[in-house]
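**Student:** Just protein18.tsv, nothing more (TSV, C-alpha atoms and all ligand atoms):
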chain	number	residue	atom	x	y	z
P	2	MET	CA	32.48	47.56	-49.92
P	3	HIS	CA	30.53	48.96	-52.85
P	4	GLU	CA	27.55	50.24	-50.86
P	5	LEU	CA	27.63	53.64	-52.54
P	6	ALA	CA	27.16	52.13	-56.01
P	7	VAL	CA	24.45	49.87	-54.61
P	8	THR	CA	22.65	52.81	-53.00
P	9	GLU	CA	22.84	54.86	-56.20
P	10	SER	CA	21.34	51.97	-58.10
P	11	ILE	CA	18.49	51.65	-55.58
P	12	LEU	CA	17.78	55.37	-55.98
P	13	GLN	CA	17.89	55.23	-59.77
P	14	ILE	CA	15.54	52.24	-59.95
P	15	SER	CA	13.11	53.71	-57.40
P	16	GLU	CA	12.95	57.08	-59.14
P	17	LYS	CA	12.32	55.46	-62.51
P	18	TYR	CA	9.33	53.50	-61.22
P	19	ALA	CA	8.07	56.47	-59.19
P	20	ARG	CA	8.09	58.73	-62.25
P	21	GLU	CA	6.35	56.12	-64.36
P	22	ALA	CA	3.62	55.93	-61.70
P	23	ASP	CA	3.34	59.76	-61.50
P	24	ALA	CA	4.28	59.74	-57.83
P	25	LEU	CA	4.39	62.97	-55.85
P	26	LYS	CA	6.77	61.37	-53.43
P	27	VAL	CA	8.20	58.01	-52.43
P	28	THR	CA	7.67	57.04	-48.81
P	29	GLY	CA	9.21	53.58	-48.65
P	30	ILE	CA	11.40	51.16	-50.57
P	31	ASN	CA	11.23	47.39	-50.07
P	32	LEU	CA	14.47	45.59	-50.73
P	33	VAL	CA	15.05	41.85	-50.77
P	34	ILE	CA	18.62	40.90	-49.96
P	35	GLY	CA	19.85	37.34	-49.48
P	36	LYS	CA	22.18	36.59	-46.63
P	37	LEU	CA	24.85	35.46	-49.08
P	38	SER	CA	25.03	39.02	-50.48
P	39	SER	CA	27.54	40.88	-48.38
P	40	ILE	CA	25.75	44.22	-48.17
P	41	VAL	CA	25.88	46.21	-44.95
P	42	ASP	CA	22.41	47.66	-44.29
P	43	ASP	CA	23.73	50.49	-42.13
P	44	SER	CA	26.11	51.73	-44.83
P	45	VAL	CA	23.35	51.71	-47.43
P	46	GLN	CA	21.13	53.66	-45.04
P	47	PHE	CA	23.97	56.12	-44.40
P	48	TYR	CA	24.52	56.81	-48.11
P	49	TRP	CA	20.79	56.83	-48.72
P	50	ASP	CA	20.18	59.72	-46.35
P	51	ILE	CA	22.76	61.75	-48.26
P	52	ILE	CA	22.04	60.96	-51.90
P	53	SER	CA	18.23	60.82	-51.76
P	54	ASN	CA	18.06	64.30	-50.30
P	55	ASN	CA	17.24	66.18	-53.51
P	56	SER	CA	15.04	63.55	-55.09
P	57	LEU	CA	11.50	62.22	-55.19
P	58	CYS	CA	12.73	59.69	-52.64
P	59	LYS	CA	13.69	62.23	-49.99
P	60	GLY	CA	12.74	60.83	-46.58
P	61	ALA	CA	11.71	57.43	-47.97
P	62	LEU	CA	12.33	54.57	-45.54
P	63	LEU	CA	14.42	51.63	-46.63
P	64	HIS	CA	13.00	48.26	-45.58
P	65	PHE	CA	15.43	45.37	-45.79
P	66	GLU	CA	13.97	41.88	-46.08
P	67	ARG	CA	16.86	39.52	-45.46
P	68	ARG	CA	16.38	36.06	-47.03
P	69	ASP	CA	18.04	33.08	-45.40
P	70	ALA	CA	20.58	30.98	-47.23
P	71	VAL	CA	18.87	27.65	-47.94
P	72	LEU	CA	20.68	24.68	-49.46
P	73	HIS	CA	19.35	21.45	-50.93
P	74	CYS	CA	21.36	18.23	-50.70
P	75	ASN	CA	21.48	16.42	-54.03
P	76	GLN	CA	22.32	13.14	-52.31
P	77	CYS	CA	19.63	12.80	-49.62
P	78	SER	CA	17.28	15.65	-50.64
P	79	VAL	CA	17.38	17.34	-47.23
P	80	GLU	CA	16.95	21.11	-47.21
P	81	TYR	CA	18.90	23.09	-44.66
P	82	ARG	CA	19.57	26.66	-43.60
P	83	ILE	CA	23.04	28.04	-43.02
P	84	ASP	CA	23.38	30.66	-40.31
P	85	THR	CA	27.08	31.22	-39.96
P	86	SER	CA	29.39	29.56	-42.44
P	87	LEU	CA	28.80	27.41	-45.49
P	88	GLN	CA	28.65	23.72	-44.54
P	89	PRO	CA	28.04	20.33	-46.13
P	90	CYS	CA	24.72	18.52	-45.67
P	91	PRO	CA	24.07	18.11	-41.91
P	92	ASN	CA	22.17	14.86	-42.61
P	93	CYS	CA	24.57	12.88	-44.81
P	94	GLY	CA	27.71	15.05	-44.88
P	95	SER	CA	27.75	15.43	-48.67
P	96	PRO	CA	29.11	18.61	-50.27
P	97	ASP	CA	27.00	17.86	-53.35
P	98	VAL	CA	24.51	20.64	-52.69
P	99	LYS	CA	22.54	23.30	-54.48
P	100	ILE	CA	21.90	26.85	-53.27
P	101	ILE	CA	18.15	27.49	-53.31
P	102	SER	CA	17.99	30.94	-51.81
P	103	GLY	CA	20.15	33.54	-50.15
P	104	GLU	CA	21.47	35.33	-53.25
P	105	GLU	CA	18.52	37.68	-53.76
P	106	PHE	CA	19.49	41.26	-54.49
P	107	PHE	CA	16.62	43.35	-55.83
P	108	VAL	CA	14.16	46.20	-55.30
P	109	ASP	CA	10.85	44.44	-54.73
P	110	SER	CA	8.48	47.41	-54.61
P	111	ILE	CA	8.14	51.05	-53.67
P	112	GLU	CA	5.51	52.88	-51.61
P	113	ILE	CA	4.41	56.14	-53.20
P	114	GLU	CA	1.91	58.95	-52.70
P	115	LYS	CA	0.07	60.56	-55.57
F	27	MET	CA	-3.24	61.87	-51.48
F	28	ASN	CA	-3.22	58.14	-52.01
F	29	ALA	CA	-0.63	55.74	-50.65
F	30	ILE	CA	0.12	53.09	-53.26
F	31	ARG	CA	2.53	50.19	-53.50
F	32	VAL	CA	4.17	49.91	-56.91
F	33	PRO	CA	5.74	46.54	-57.79
F	34	VAL	CA	9.28	46.80	-59.11
F	35	VAL	CA	11.27	43.55	-58.89
F	36	GLU	CA	14.41	44.86	-60.53
F	37	LYS	CA	17.90	43.65	-59.74
F	38	ILE	CA	20.10	46.18	-57.98
F	39	LEU	CA	23.04	47.22	-60.22
F	40	SER	CA	21.02	46.28	-63.31
F	41	ALA	CA	22.37	49.38	-65.09
F	42	ASN	CA	25.87	47.91	-64.78
F	43	ASP	CA	24.64	44.61	-66.22
F	44	GLN	CA	23.21	46.41	-69.26
F	45	LEU	CA	26.51	48.12	-69.94
F	46	ALA	CA	28.32	44.85	-69.43
F	47	SER	CA	26.27	43.27	-72.19
F	48	GLN	CA	27.22	46.16	-74.48
F	49	ASN	CA	30.89	45.52	-73.70
F	50	HIS	CA	30.34	41.87	-74.48
F	51	ALA	CA	28.66	42.65	-77.80
F	52	LEU	CA	31.50	45.00	-78.79
F	53	LEU	CA	34.16	42.39	-77.96
F	54	LYS	CA	32.24	39.69	-79.83
F	55	SER	CA	31.90	41.88	-82.91
F	56	LYS	CA	35.68	42.35	-82.90
F	57	HIS	CA	36.30	38.62	-82.35
F	58	VAL	CA	38.01	39.22	-79.03
F	59	PHE	CA	37.87	36.64	-76.23
F	60	SER	CA	37.91	38.33	-72.83
F	61	ILE	CA	38.68	37.33	-69.27
F	62	ASN	CA	38.11	39.12	-65.98
F	63	ILE	CA	40.80	38.21	-63.45
F	64	MET	CA	39.81	38.71	-59.83
F	65	ALA	CA	41.71	37.98	-56.62
F	66	SER	CA	42.63	39.39	-53.24
F	67	PRO	CA	45.54	41.87	-53.20
F	68	GLY	CA	48.83	40.12	-53.90
F	69	ALA	CA	47.37	36.71	-54.83
F	70	GLY	CA	49.29	36.87	-58.11
F	71	LYS	CA	47.02	38.45	-60.73
F	72	THR	CA	49.83	40.35	-62.42
F	73	SER	CA	52.19	37.36	-62.12
F	74	VAL	CA	49.68	35.07	-63.84
F	75	ILE	CA	49.02	37.69	-66.53
F	76	LEU	CA	52.77	38.02	-67.22
F	77	GLN	CA	53.13	34.22	-67.37
F	78	THR	CA	50.17	34.07	-69.73
F	79	ILE	CA	51.62	36.72	-72.04
F	80	LYS	CA	55.00	34.99	-72.03
F	81	GLY	CA	53.51	31.56	-72.70
F	82	LEU	CA	51.13	32.66	-75.44
F	83	GLN	CA	53.50	35.02	-77.25
F	84	GLY	CA	53.37	34.27	-80.94
F	85	ARG	CA	50.23	32.15	-80.42
F	86	LEU	CA	47.68	34.87	-79.60
F	87	LYS	CA	47.55	38.66	-79.77
F	88	ILE	CA	46.87	39.95	-76.27
F	89	GLY	CA	45.64	43.25	-74.81
F	90	VAL	CA	45.42	44.12	-71.12
F	91	ILE	CA	43.31	46.42	-68.98
F	92	GLU	CA	44.79	47.06	-65.54
F	93	GLY	CA	42.41	48.20	-62.82
F	94	ASP	CA	44.03	49.98	-59.92
F	95	THR	CA	42.69	52.04	-57.06
F	96	SER	CA	45.32	54.72	-57.58
F	97	ALA	CA	47.39	56.28	-60.34
F	98	VAL	CA	50.32	53.95	-59.63
F	99	THR	CA	51.18	52.26	-62.93
F	100	ILE	CA	53.46	49.48	-61.65
F	101	ASP	CA	51.32	46.64	-63.05
F	102	ALA	CA	50.57	48.34	-66.38
F	103	ASP	CA	54.27	49.14	-66.84
F	104	LYS	CA	55.23	45.48	-66.38
F	105	VAL	CA	52.75	44.46	-69.07
F	106	ASN	CA	53.85	47.23	-71.45
F	107	GLU	CA	57.45	46.10	-71.05
F	108	MET	CA	56.43	42.80	-72.58
F	109	GLY	CA	55.33	44.57	-75.73
F	110	VAL	CA	51.62	44.12	-75.12
F	111	PRO	CA	49.17	47.04	-75.38
F	112	ALA	CA	47.89	47.87	-71.90
F	113	VAL	CA	45.75	50.61	-70.44
F	114	GLN	CA	45.48	51.46	-66.82
F	115	ILE	CA	42.14	52.36	-65.30
F	116	ASN	CA	42.37	54.34	-62.12
F	117	THR	CA	39.20	53.59	-60.17
F	118	GLY	CA	39.74	56.64	-57.99
F	119	GLY	CA	39.73	54.60	-54.82
F	120	ASP	CA	36.81	52.36	-55.80
F	121	CYS	CA	37.24	48.77	-54.70
F	122	HIS	CA	36.29	47.22	-58.05
F	123	LEU	CA	36.08	47.79	-61.78
F	124	ASP	CA	32.64	48.29	-63.25
F	125	ALA	CA	31.33	47.97	-66.80
F	126	VAL	CA	31.54	51.73	-67.45
F	127	MET	CA	35.23	51.86	-66.59
F	128	VAL	CA	35.93	48.85	-68.81
F	129	ALA	CA	34.01	50.44	-71.70
F	130	GLY	CA	36.37	53.43	-71.40
F	131	GLY	CA	39.41	51.15	-71.38
F	132	LEU	CA	38.25	49.22	-74.44
F	133	GLN	CA	38.04	52.46	-76.44
F	134	GLN	CA	41.76	53.00	-75.94
F	135	LEU	CA	42.86	49.60	-77.23
F	136	PRO	CA	43.33	48.36	-80.82
F	137	LEU	CA	40.54	45.76	-80.65
F	138	ASP	CA	40.92	44.79	-84.31
F	139	ASP	CA	44.39	43.58	-83.48
F	140	ILE	CA	43.60	41.63	-80.31
F	141	ASP	CA	42.50	38.00	-79.83
F	142	LEU	CA	42.56	37.87	-76.06
F	143	MET	CA	41.65	40.73	-73.71
F	144	ILE	CA	42.81	40.25	-70.14
F	145	ILE	CA	41.34	42.49	-67.46
F	146	GLU	CA	43.06	42.67	-64.08
F	147	ASN	CA	40.42	43.66	-61.56
F	148	VAL	CA	41.15	45.50	-58.33
F	149	GLY	CA	42.48	43.24	-55.57
F	150	ASN	CA	39.37	42.46	-53.51
F	151	LEU	CA	37.24	39.35	-52.90
F	152	VAL	CA	33.96	41.12	-52.20
F	153	CYS	CA	33.13	43.97	-54.55
F	154	PRO	CA	34.22	42.69	-57.99
F	155	ALA	CA	31.78	39.81	-57.58
F	156	ALA	CA	28.84	42.19	-57.87
F	157	PHE	CA	29.95	43.91	-61.08
F	158	ASP	CA	29.74	42.01	-64.33
F	159	LEU	CA	32.20	43.48	-66.83
F	160	GLY	CA	30.89	41.70	-69.91
F	161	THR	CA	33.83	39.33	-70.31
F	162	ASP	CA	33.47	35.81	-71.68
F	163	ILE	CA	34.79	34.27	-68.49
F	164	ASN	CA	35.43	35.18	-64.88
F	165	VAL	CA	38.62	33.86	-63.37
F	166	LEU	CA	39.59	33.90	-59.70
F	167	ILE	CA	43.16	33.55	-58.54
F	168	ALA	CA	43.24	32.11	-55.05
F	169	SER	CA	46.61	31.58	-53.44
F	170	VAL	CA	47.85	29.12	-50.85
F	171	PRO	CA	49.01	31.66	-48.22
F	172	GLU	CA	45.57	33.29	-48.14
F	173	GLY	CA	44.27	30.19	-46.40
F	174	ASP	CA	41.91	27.33	-47.19
F	175	ASP	CA	38.81	29.00	-45.73
F	176	LYS	CA	38.31	31.67	-48.38
F	177	PRO	CA	35.44	29.94	-50.25
F	178	TYR	CA	33.57	29.80	-46.92
F	179	LYS	CA	34.18	33.47	-46.18
F	180	TYR	CA	33.65	34.91	-49.67
F	181	PRO	CA	31.00	32.67	-51.21
F	182	ALA	CA	29.67	35.25	-53.69
F	183	ILE	CA	32.86	35.50	-55.72
F	184	TYR	CA	33.12	31.71	-56.08
F	185	ARG	CA	29.54	31.47	-57.33
F	186	GLY	CA	30.15	33.46	-60.51
F	187	LEU	CA	33.38	31.81	-61.62
F	188	ASP	CA	34.22	29.90	-64.77
F	189	VAL	CA	37.82	29.14	-63.83
F	190	LEU	CA	39.75	28.96	-60.58
F	191	ILE	CA	43.53	29.24	-60.50
F	192	LEU	CA	45.12	28.19	-57.21
F	193	ASN	CA	48.46	30.00	-57.20
F	194	LYS	CA	51.61	29.77	-55.05
F	195	MET	CA	51.48	25.97	-54.92
F	196	ASP	CA	55.24	26.12	-54.22
F	197	LEU	CA	54.37	27.37	-50.71
F	198	LEU	CA	52.20	24.36	-49.82
F	199	PRO	CA	54.93	22.67	-47.71
F	200	TYR	CA	55.26	25.75	-45.50
F	201	ILE	CA	51.65	26.66	-44.87
F	202	LYS	CA	48.71	24.96	-43.17
F	203	PHE	CA	46.45	24.72	-46.19
F	204	ARG	CA	44.10	21.74	-46.42
F	205	PRO	CA	43.45	21.20	-50.13
F	206	ASP	CA	40.45	18.94	-49.39
F	207	TYR	CA	38.76	21.50	-47.15
F	208	PHE	CA	39.35	24.23	-49.72
F	209	LYS	CA	38.07	22.04	-52.53
F	210	GLU	CA	34.94	21.03	-50.60
F	211	GLY	CA	34.01	24.70	-50.11
F	212	VAL	CA	34.52	25.40	-53.81
F	213	GLU	CA	32.51	22.32	-54.77
F	214	MET	CA	29.48	23.39	-52.71
F	215	LEU	CA	29.42	26.81	-54.34
F	216	ASN	CA	30.42	25.93	-57.88
F	217	PRO	CA	30.22	22.19	-58.65
F	218	GLY	CA	32.76	20.93	-61.16
F	219	LEU	CA	34.58	24.28	-61.41
F	220	GLN	CA	37.54	24.10	-63.79
F	221	THR	CA	40.58	24.46	-61.51
F	222	PHE	CA	44.31	24.90	-62.22
F	223	PRO	CA	46.82	24.59	-59.37
F	224	VAL	CA	49.87	26.62	-60.42
F	225	SER	CA	53.02	28.34	-59.23
F	226	CYS	CA	54.30	31.44	-60.97
F	227	VAL	CA	57.67	30.85	-59.31
F	228	THR	CA	58.35	27.27	-60.40
F	229	GLY	CA	56.10	27.37	-63.47
F	230	GLU	CA	54.23	24.29	-62.23
F	231	GLY	CA	50.77	23.95	-63.77
F	232	ILE	CA	51.05	27.02	-66.00
F	233	SER	CA	51.09	25.09	-69.26
F	234	ALA	CA	47.82	23.31	-68.39
F	235	TRP	CA	46.18	26.72	-67.90
F	236	LEU	CA	47.69	28.10	-71.11
F	237	ASP	CA	46.64	25.10	-73.21
F	238	TRP	CA	43.10	25.29	-71.86
F	239	LEU	CA	42.93	29.04	-72.49
F	240	GLU	CA	44.39	28.90	-75.98
F	241	LYS	CA	41.96	26.16	-76.99
F	242	ARG	CA	39.03	28.12	-75.56
F	243	VAL	CA	40.06	31.36	-77.29
F	244	LYS	CA	40.51	29.66	-80.65
F	245	GLU	CA	37.11	27.98	-80.38
F	246	GLU	CA	35.42	31.29	-79.64
F	247	ILE	CA	37.11	33.66	-82.07
F	248	ARG	CA	37.43	31.55	-85.18
P	301	LIG	N1	55.99	32.01	-53.75
P	301	LIG	C1	55.26	32.53	-54.72
P	301	LIG	N2	55.12	33.86	-54.83
P	301	LIG	C2	54.38	34.34	-55.85
P	301	LIG	C3	53.74	33.51	-56.79
P	301	LIG	N3	53.06	34.27	-57.66
P	301	LIG	C4	53.25	35.55	-57.29
P	301	LIG	N4	54.05	35.60	-56.20
P	301	LIG	C5	54.50	36.81	-55.47
P	301	LIG	O1	53.37	37.42	-54.85
P	301	LIG	C6	53.50	38.83	-54.83
P	301	LIG	C7	52.27	39.49	-55.45
P	301	LIG	O2	52.18	39.12	-56.83
P	301	LIG	P1	51.38	39.99	-57.90
P	301	LIG	O3	51.40	39.22	-59.15
P	301	LIG	O4	51.88	41.38	-57.90
P	301	LIG	O5	49.94	39.97	-57.25
P	301	LIG	P2	48.64	40.83	-57.66
P	301	LIG	O6	47.47	39.97	-57.34
P	301	LIG	O7	48.76	41.31	-59.05
P	301	LIG	O8	48.75	42.04	-56.63
P	301	LIG	P3	47.91	43.44	-56.66
P	301	LIG	O9	47.73	43.85	-58.08
P	301	LIG	O10	48.81	44.37	-55.89
P	301	LIG	O11	46.63	43.15	-55.95
P	301	LIG	C8	54.79	39.13	-55.59
P	301	LIG	O12	55.80	39.33	-54.64
P	301	LIG	C9	55.03	37.89	-56.40
P	301	LIG	O13	56.38	37.67	-56.68
P	301	LIG	C10	53.92	32.09	-56.65
P	301	LIG	O14	53.41	31.26	-57.41
P	301	LIG	N5	54.66	31.67	-55.59
P	302	MG	MG	48.59	43.28	-59.83
P	303	ZN	ZN	22.46	14.99	-47.60
What is this file in structure tokens?
**Tutor:**
Amino acid sequence: MHELAVTESILQISEKYAREADALKVTGINLVIGKLSSIVDDSVQFYWDIISNNSLCKGALLHFERRDAVLHCNQCSVEYRIDTSLQPCPNCGSPDVKIISGEEFFVDSIEIEK
Amino acid sequence: MNAIRVPVVEKILSANDQLASQNHALLKSKHVFSINIMASPGAGKTSVILQTIKGLQGRLKIGVIEGDTSAVTIDADKVNEMGVPAVQINTGGDCHLDAVMVAGGLQQLPLDDIDLMIIENVGNLVCPAAFDLGTDINVLIASVPEGDDKPYKYPAIYRGLDVLILNKMDLLPYIKFRPDYFKEGVEMLNPGLQTFPVSCVTGEGISAWLDWLEKRVKEEIR
């Protein structure tokens, strides 16, 4: 999918914060990605190795923290995790649910040396 | 040398979101109501757009941006033939439109003379979901032959929708499509989503969509 654009954005954000912090180099980037975001880690890593080559982020390791998809049932208040496919409340069967997590898609922090 | 952790907490693709809000501000300042039409390839985006132009002719002034992965102008030509200004954006193989491409398209259209801007996104159920274009509403065209499991397989695109059009209803008798199963998936992801079952072949349901759209446009641009 659009992993190249995603990877470019990660690089742009990381470089901005690294420059603001007067970093000599960036050694790691911590990403938080919910399981409902269809991003392929391997493709991001692949593009990363290419596009970060001439930047402050050269050689920085990408750490992916994958957040589970958690739903809350509005009928019986049960909270449940979905592993494979979206499903109604396992307790009462209701589709009246709210997504609590799983859509995260952000750069959480960077590791720098200065 | 010191190793330090610097907090960031910034959404990936935030630069696109910023540009999208500029697009939105430009369209608002010109009193243009805008819709982003997404769907899988062949679901009927162009067919719905042509039906919409036909049905709203004389009621609203329409402009169209056609996103395509190649230089083929089939869709843009069809729209132009109806006497509506249309620009084609060639994404150069990219699987989605982004806010930058749309900003370029908007520059080429007579915004002062348009009430309703329709953007046909690239046929894809994954990538367009991640790129806000700055339109007033996001519309997905699902279609019966794609199958009833699409909300379960492509949850992200259903999350960001304002309107769902279920096209090719004329094919329902020939295809195993369980409307209840489909609807339950949609309901979990986007409770109460405004939905229009239509057929571009028989014309079924089109007028309900057009009436809703016209009312919405007139509320927003007056
Ligand atoms: N049976 C039936 N066929 C339809 C309907 N709407 C569109 N089609 C057909 O579906 C095919 C694709 O329609 P388009 O409108 O080109 O679809 P699209 O989503 O714009 O396709 P791309 O831009 O190529 O992704 C065409 O052959 C249409 O005639 C419908 O309501 N019923
Ligand atoms: Mg089309
Ligand atoms: Zn329940």
**Student:** Within 8 Å of chain F, which residues belong to chain P? Use only C-alpha atoms and report them as a VMD selection string.
**Tutor:** chain P and resid 2 to 3 6 to 7 10 to 11 14 18 to 19 22 37 to 39 86 to 89 96 to 100 106 to 115
**Student:** One number please: atom CA of Leu45 of chain F to atom CA of Asn106 of chain F, in Å, one decimal.
**Tutor:** 27.4 Å
**Student:** Could you pull the residues within 6 Å of segment 101-104 of chain P, counting only C-alpha atoms, minus those fewer than 5 positions along the same chain, as a list in words?
**Tutor:**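 That gives Gly35, Lys36, Leu37, Ser38, Arg68, Asp69, Ala70, Val71 and Leu72 of chain P.
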**Student:** Just want the residues within 8 Å of ligand MG 302 (chain P), written as a tab-separated table (two decimals) with C-alpha atoms, keeping the file's coordinate frame, counting all atoms listed in the file.
**Tutor:**
chain	number	residue	atom	x	y	z
F	67	PRO	CA	45.54	41.87	-53.20
F	68	GLY	CA	48.83	40.12	-53.90
F	70	GLY	CA	49.29	36.87	-58.11
F	71	LYS	CA	47.02	38.45	-60.73
F	72	THR	CA	49.83	40.35	-62.42
F	73	SER	CA	52.19	37.36	-62.12
F	92	GLU	CA	44.79	47.06	-65.54
F	101	ASP	CA	51.32	46.64	-63.05
F	146	GLU	CA	43.06	42.67	-64.08
F	148	VAL	CA	41.15	45.50	-58.33
F	149	GLY	CA	42.48	43.24	-55.57
**Student:** Please check which residues have atoms at most 6 Å from (40.1, 37.1, -56.0) in the file's coordinates, counting all atoms listed in the file, and write them as a ChimeraX atom specification.
**Tutor:** /F:64-66,150-151,166-168
**Student:** Save out the residues we just selected, C-alpha atoms, as an mmCIF file, in the coordinates of the input.
**Tutor:**
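selection_12.cif, written as the output of this step:
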data_model
loop_
_atom_site.group_PDB
_atom_site.id
_atom_site.type_symbol
_atom_site.label_atom_id
_atom_site.label_comp_id
_atom_site.auth_asym_id
_atom_site.auth_seq_id
_atom_site.Cartn_x
_atom_site.Cartn_y
_atom_site.Cartn_z
ATOM 1 C CA MET F 64 39.810 38.710 -59.830
ATOM 2 C CA ALA F 65 41.710 37.980 -56.620
ATOM 3 C CA SER F 66 42.630 39.390 -53.240
ATOM 4 C CA ASN F 150 39.370 42.460 -53.510
ATOM 5 C CA LEU F 151 37.240 39.350 -52.900
ATOM 6 C CA LEU F 166 39.590 33.900 -59.700
ATOM 7 C CA ILE F 167 43.160 33.550 -58.540
ATOM 8 C CA ALA F 168 43.240 32.110 -55.050
#
**Student:** Please, what distance in Å, to one decimal, runs between atom CA of Ala129 of chain F and atom CA of Ile91 of chain F?
**Tutor:** 10.5 Å
**Student:** Out of F:Leu219, F:Ile144, F:Thr161, F:Thr117, which residue has the shortest atom-to-atom distance to Val74 of chain F when counting only C-alpha atoms?
**Tutor:** F:Ile144
**Student:** With a cut-off of 10 Å, could you pull out the residues of chain P touching ligand ZN 303 (chain P) and give me the nearest pair of atoms for each, distance in Å to one decimal, using all atoms listed in the file, ordered by chain and ascending number, as JSON lines?
**Tutor:**
{"residue": "P:His73", "atom": "CA", "partner": "P:ZN303", "partner_atom": "ZN", "distance": 7.9}
{"residue": "P:Cys74", "atom": "CA", "partner": "P:ZN303", "partner_atom": "ZN", "distance": 4.6}
{"residue": "P:Asn75", "atom": "CA", "partner": "P:ZN303", "partner_atom": "ZN", "distance": 6.7}
{"residue": "P:Gln76", "atom": "CA", "partner": "P:ZN303", "partner_atom": "ZN", "distance": 5.1}
{"residue": "P:Cys77", "atom": "CA", "partner": "P:ZN303", "partner_atom": "ZN", "distance": 4.1}
{"residue": "P:Ser78", "atom": "CA", "partner": "P:ZN303", "partner_atom": "ZN", "distance": 6.0}
{"residue": "P:Val79", "atom": "CA", "partner": "P:ZN303", "partner_atom": "ZN", "distance": 5.6}
{"residue": "P:Glu80", "atom": "CA", "partner": "P:ZN303", "partner_atom": "ZN", "distance": 8.2}
{"residue": "P:Tyr81", "atom": "CA", "partner": "P:ZN303", "partner_atom": "ZN", "distance": 9.3}
{"residue": "P:Pro89", "atom": "CA", "partner": "P:ZN303", "partner_atom": "ZN", "distance": 7.9}
{"residue": "P:Cys90", "atom": "CA", "partner": "P:ZN303", "partner_atom": "ZN", "distance": 4.6}
{"residue": "P:Pro91", "atom": "CA", "partner": "P:ZN303", "partner_atom": "ZN", "distance": 6.7}
{"residue": "P:Asn92", "atom": "CA", "partner": "P:ZN303", "partner_atom": "ZN", "distance": 5.0}
{"residue": "P:Cys93", "atom": "CA", "partner": "P:ZN303", "partner_atom": "ZN", "distance": 4.1}
{"residue": "P:Gly94", "atom": "CA", "partner": "P:ZN303", "partner_atom": "ZN", "distance": 5.9}
{"residue": "P:Ser95", "atom": "CA", "partner": "P:ZN303", "partner_atom": "ZN", "distance": 5.4}
{"residue": "P:Pro96", "atom": "CA", "partner": "P:ZN303", "partner_atom": "ZN", "distance": 8.0}
{"residue": "P:Asp97", "atom": "CA", "partner": "P:ZN303", "partner_atom": "ZN", "distance": 7.9}
{"residue": "P:Val98", "atom": "CA", "partner": "P:ZN303", "partner_atom": "ZN", "distance": 7.9}
**Student:** Env of Leu12 of chain P: 9 Å cut, atoms = all atoms listed in the file, seq-sep filter 2 positions within chain, self excluded. Answer as number ranges by chain.
**Tutor:** P: 7-10, 14-17, 49, 52-53, 56, 58
**Student:** Any idea what the distance is between atom CA of Thr221 of chain F and atom CA of Asp188 of chain F?
**Tutor:**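 Straight-line distance from atom CA of Thr221 of chain F to atom CA of Asp188 of chain F works out to 9.0 Å.
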**Student:** Using all atoms listed in the file, which of F:Gln220, F:Gln133, F:Gln77, F:Ser233 sits nearest ligand LIG 301 (chain P)?
**Tutor:** F:Gln77
**Student:** Give me, as a list in words, all polymer residues having an atom no more than 9 Å from Val110 of chain F, counting only C-alpha atoms and skipping those fewer than 4 positions away in the same chain.
**Tutor:**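 Result of the neighbour search: Ile79, Lys87, Ile88, Gly89, Val90, Val105 and Asn106 of chain F.
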